[in-house]
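Enquirer: Quick one: structure below, then a few questions.
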Amino acid sequence: MPSRGSAKTPKDGNNSNSSSASLENNCYEGERLTNMLQSIRREIQSARHLDGNSLPEKIWLKQQFSIGVNDVTRVLERMKPCTELEKPTQLFPLRSNHKASSVKLQAVLVASDCNPRWLTKHLLSLASSRSVPLILVRDNKQGSLRLGELVQLKTAIAIGIKVKGSSINKIVQEIIQDNRFKLSPDGQNSARILDVQSDFQDPDKKS
């Protein structure tokens with residue numbers, strides 16, 4: 001359980017703890033986890049096929065995902081923090097003048113049963129400040145193994161889904177929407193980006 005002083009976003013210290021409890025209640029495990037990962041894996045194969053398999057698989061996967069805690073943290077830090085007054089349509093602007101913020105994450109998959117736990121502790125407040133939902137997975141301390149299978153690695157503690165306008169984004173949108181109705185009011189902010197479907201289009205593909 002995170003302590004009250006552990007939240008990195010001062011104005012949302014209490015909300016961070018409440019959101020953490022909501023996320024724990026909606027952690028994917030067992031058959032529910034298996035079904036979710038199978039759905040994402042199918043869409044990865046579909047998107048890869050549509051792209052023509054022109055790139056080596058590992059390079060292509062890196063274009064679709066931020067892989068690992070360090071990479072996910074780096075992308076989240078480069079994204080513009082969202083204030084309570086900002087509208088969902090501002091989360092994924094049509095164009096950006098800042099190259100560093102051109103990569104957006106739709107959601108982050110996190111192995112909640114990783115050890116040590118502090119490796120991912122900062123992701124809750126960081127993702128919340130960017131209105132990026134966290135999808136927790138747990139499998140008897142093997143959540144990182146299950147996530148690693150998605151990206152052809154032995155383990156992956158965290159995977160960020162990049163906004164590319166792909167079928168991967170569509171299935172992840174459905175997963176987040178399903179969770180949205182189960183979140184408590186305190187966790188509502190983390191699912192706020194779902195109000196606008198067009199936000200999941202790749203900014204480079206918009207006219």
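Simple scheme: letters A, B, ... for chains in structure tokens order, numbers from 1 for residues in each chain, numbers from 1 for ligands in the order shown.
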Residues within 6 Å of Ile157 of chain A, please, as a PyMOL selection string. Count only C-alpha atoms; anything in the same chain fewer than 5 positions from it doesn't count.
Expert: chain A and resi 68+110-111+144
Enquirer: Okay, now the selection with all heavy atoms, as a PDB file, in the first residue's frame?
Expert:
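This is the output file out-v6.pdb:
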```pdb
ATOM      1  N   GLY A  68       9.525  -1.290 -21.204  1.00  0.00           N
ATOM      2  CA  GLY A  68      10.359  -1.180 -20.024  1.00  0.00           C
ATOM      3  C   GLY A  68      10.029   0.059 -19.202  1.00  0.00           C
ATOM      4  O   GLY A  68       9.522   1.048 -19.717  1.00  0.00           O
ATOM      5  N   VAL A 110       1.145  -2.496 -16.675  1.00  0.00           N
ATOM      6  CA  VAL A 110       2.135  -2.596 -15.607  1.00  0.00           C
ATOM      7  C   VAL A 110       1.977  -3.921 -14.863  1.00  0.00           C
ATOM      8  O   VAL A 110       0.855  -4.299 -14.493  1.00  0.00           O
ATOM      9  CB  VAL A 110       1.992  -1.431 -14.596  1.00  0.00           C
ATOM     10  CG1 VAL A 110       3.033  -1.565 -13.490  1.00  0.00           C
ATOM     11  CG2 VAL A 110       2.140  -0.088 -15.298  1.00  0.00           C
ATOM     12  N   ALA A 111       3.093  -4.605 -14.642  1.00  0.00           N
ATOM     13  CA  ALA A 111       3.074  -5.826 -13.832  1.00  0.00           C
ATOM     14  C   ALA A 111       3.034  -5.404 -12.364  1.00  0.00           C
ATOM     15  O   ALA A 111       4.038  -4.954 -11.807  1.00  0.00           O
ATOM     16  CB  ALA A 111       4.305  -6.674 -14.117  1.00  0.00           C
ATOM     17  N   SER A 144       5.323  -9.871 -15.197  1.00  0.00           N
ATOM     18  CA  SER A 144       6.316  -9.359 -16.147  1.00  0.00           C
ATOM     19  C   SER A 144       6.610 -10.378 -17.246  1.00  0.00           C
ATOM     20  O   SER A 144       6.938 -10.003 -18.382  1.00  0.00           O
ATOM     21  CB  SER A 144       7.615  -8.996 -15.419  1.00  0.00           C
ATOM     22  OG  SER A 144       8.181 -10.124 -14.786  1.00  0.00           O
TER      23      SER A 144
END
```
Enquirer: So which one's closest to Ala107 of chain A, A:Thr120, A:Asn53, A:Ser66, A:Thr34? Using only C-alpha atoms, please.
Expert: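 That would be A:Ser66, the residue with the smallest distance to Ala107 of chain A.
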Enquirer: Could you give me, as a VMD selection string, each residue of segment 16-182 of chain A that DSSP assigns to alpha helix (DSSP H) when run on this structure's backbone?
Expert: chain A and resid 16 to 25 30 to 50 57 to 64 69 to 78 118 to 129 143 to 150 167 to 180
Enquirer: Could you jot down the atom CA of Ile176 of chain A to atom CA of Ile59 of chain A separation for me, Å, one decimal place?
Expert: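 We find that atom CA of Ile176 of chain A and atom CA of Ile59 of chain A lie 26.2 Å from each other.
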Enquirer: Looking at only C-alpha atoms, which of A:Leu50, A:Ile67, A:Leu55, A:Val108 is the one that sits closest to Glu149 of chain A?
Expert: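 Closest to Glu149 of chain A, using only C-alpha atoms: A:Ile67.
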Enquirer: Pick out the closest residue to Thr73 of chain A from this set: A:Leu105, A:Pro56, A:Glu29, A:Thr155. Count only C-alpha atoms.
Expert: A:Leu105
Enquirer: Please identify all polymer residues within 12 Å of Leu150 of chain A, counting only C-alpha atoms, omitting same-chain residues fewer than 5 positions from it, and present them as a ChimeraX atom specification.
Expert: /A:34,36-45,57-58,61-62,64-65,67,109,143-145,155-161,168
Enquirer: Grab the residues selected above and save them as a short mmCIF file (atom, residue, chain, number, x, y, z; two decimals), in the first residue's frame with N, CA, C and O atoms.
Expert:
```cif
data_model
loop_
_atom_site.label_atom_id
_atom_site.label_comp_id
_atom_site.auth_asym_id
_atom_site.auth_seq_id
_atom_site.Cartn_x
_atom_site.Cartn_y
_atom_site.Cartn_z
N THR A 34 -5.67 -13.52 -19.20
CA THR A 34 -5.39 -14.31 -20.40
C THR A 34 -6.20 -13.81 -21.59
O THR A 34 -5.66 -13.64 -22.69
N MET A 36 -7.46 -10.81 -22.06
CA MET A 36 -7.00 -9.49 -22.47
C MET A 36 -5.72 -9.59 -23.30
O MET A 36 -5.61 -8.98 -24.37
N LEU A 37 -4.76 -10.36 -22.83
CA LEU A 37 -3.50 -10.49 -23.54
C LEU A 37 -3.68 -11.16 -24.90
O LEU A 37 -3.03 -10.78 -25.88
N GLN A 38 -4.58 -12.14 -24.97
CA GLN A 38 -4.85 -12.78 -26.26
C GLN A 38 -5.45 -11.79 -27.24
O GLN A 38 -5.11 -11.79 -28.43
N SER A 39 -6.34 -10.93 -26.76
CA SER A 39 -6.97 -9.92 -27.63
C SER A 39 -5.92 -8.95 -28.15
O SER A 39 -5.91 -8.61 -29.35
N ILE A 40 -5.03 -8.49 -27.28
CA ILE A 40 -3.98 -7.56 -27.71
C ILE A 40 -3.02 -8.25 -28.68
O ILE A 40 -2.62 -7.67 -29.69
N ARG A 41 -2.69 -9.51 -28.39
CA ARG A 41 -1.76 -10.24 -29.26
C ARG A 41 -2.35 -10.42 -30.67
O ARG A 41 -1.64 -10.29 -31.67
N ARG A 42 -3.65 -10.68 -30.74
CA ARG A 42 -4.30 -10.81 -32.06
C ARG A 42 -4.20 -9.50 -32.84
O ARG A 42 -3.93 -9.52 -34.05
N GLU A 43 -4.40 -8.39 -32.16
CA GLU A 43 -4.35 -7.10 -32.85
C GLU A 43 -2.93 -6.72 -33.22
O GLU A 43 -2.71 -6.02 -34.21
N ILE A 44 -1.95 -7.16 -32.44
CA ILE A 44 -0.56 -6.94 -32.81
C ILE A 44 -0.26 -7.66 -34.12
O ILE A 44 0.35 -7.09 -35.04
N GLN A 45 -0.70 -8.90 -34.22
CA GLN A 45 -0.48 -9.67 -35.45
C GLN A 45 -1.20 -9.05 -36.63
O GLN A 45 -0.67 -8.98 -37.74
N GLU A 57 10.78 -7.56 -36.71
CA GLU A 57 9.70 -7.53 -35.73
C GLU A 57 10.03 -6.70 -34.50
O GLU A 57 9.20 -5.93 -34.01
N LYS A 58 11.24 -6.82 -33.98
CA LYS A 58 11.59 -6.09 -32.76
C LYS A 58 11.59 -4.59 -32.99
O LYS A 58 11.19 -3.80 -32.12
N LEU A 61 7.92 -3.51 -33.23
CA LEU A 61 7.30 -3.49 -31.91
C LEU A 61 7.67 -2.23 -31.14
O LEU A 61 6.85 -1.66 -30.42
N LYS A 62 8.91 -1.78 -31.30
CA LYS A 62 9.34 -0.56 -30.61
C LYS A 62 8.64 0.68 -31.15
O LYS A 62 8.55 1.70 -30.47
N GLN A 64 5.49 0.60 -31.94
CA GLN A 64 4.12 0.52 -31.41
C GLN A 64 4.08 0.69 -29.89
O GLN A 64 3.05 1.13 -29.35
N PHE A 65 5.17 0.36 -29.22
CA PHE A 65 5.17 0.34 -27.75
C PHE A 65 6.42 1.01 -27.18
O PHE A 65 7.48 1.00 -27.80
N ILE A 67 8.76 0.17 -24.24
CA ILE A 67 8.99 -1.10 -23.54
C ILE A 67 9.96 -0.91 -22.38
O ILE A 67 11.07 -0.41 -22.57
N LEU A 109 0.55 -0.71 -19.58
CA LEU A 109 0.38 -2.00 -18.93
C LEU A 109 1.50 -2.16 -17.90
O LEU A 109 2.68 -1.96 -18.22
N GLY A 143 3.71 -11.56 -13.66
CA GLY A 143 3.09 -10.59 -14.56
C GLY A 143 4.06 -10.06 -15.60
O GLY A 143 3.70 -9.85 -16.75
N SER A 144 5.32 -9.87 -15.20
CA SER A 144 6.32 -9.36 -16.15
C SER A 144 6.61 -10.38 -17.25
O SER A 144 6.94 -10.00 -18.38
N LEU A 145 6.48 -11.67 -16.93
CA LEU A 145 6.67 -12.70 -17.96
C LEU A 145 5.55 -12.64 -18.98
O LEU A 145 5.77 -12.76 -20.20
N THR A 155 10.99 -10.78 -20.23
CA THR A 155 10.16 -10.08 -19.24
C THR A 155 9.99 -8.62 -19.65
O THR A 155 10.82 -8.06 -20.38
N ALA A 156 8.92 -8.01 -19.18
CA ALA A 156 8.69 -6.57 -19.35
C ALA A 156 7.81 -6.11 -18.19
O ALA A 156 6.67 -6.55 -18.06
N ILE A 157 8.35 -5.27 -17.34
CA ILE A 157 7.59 -4.81 -16.18
C ILE A 157 6.53 -3.79 -16.57
O ILE A 157 5.45 -3.74 -15.98
N ALA A 158 6.83 -2.98 -17.59
CA ALA A 158 5.87 -1.98 -18.05
C ALA A 158 5.92 -1.85 -19.56
O ALA A 158 7.00 -1.91 -20.16
N ILE A 159 4.75 -1.68 -20.17
CA ILE A 159 4.65 -1.48 -21.62
C ILE A 159 3.68 -0.33 -21.87
O ILE A 159 2.53 -0.37 -21.44
N GLY A 160 4.15 0.68 -22.57
CA GLY A 160 3.28 1.80 -22.94
C GLY A 160 2.77 1.61 -24.36
O GLY A 160 3.56 1.30 -25.27
N ILE A 161 1.48 1.77 -24.57
CA ILE A 161 0.89 1.64 -25.90
C ILE A 161 0.90 3.00 -26.57
O ILE A 161 0.24 3.94 -26.09
N ILE A 168 -4.42 -2.01 -32.62
CA ILE A 168 -3.97 -2.19 -31.24
C ILE A 168 -4.61 -1.14 -30.36
O ILE A 168 -5.11 -1.42 -29.26
#
```
Enquirer: If I take atom CA of Gln152 of chain A and atom CA of Pro133 of chain A, how far is one from the other in Å, to one decimal?
Expert: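 Atom CA of Gln152 of chain A sits 23.3 Å away from atom CA of Pro133 of chain A.
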Enquirer: Just give me the gap between atom CA of Asp51 of chain A and atom CA of Ser166 of chain A in Å, one decimal is fine.
Expert: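 Computed distance, atom CA of Asp51 of chain A to atom CA of Ser166 of chain A, equals 10.0 Å.
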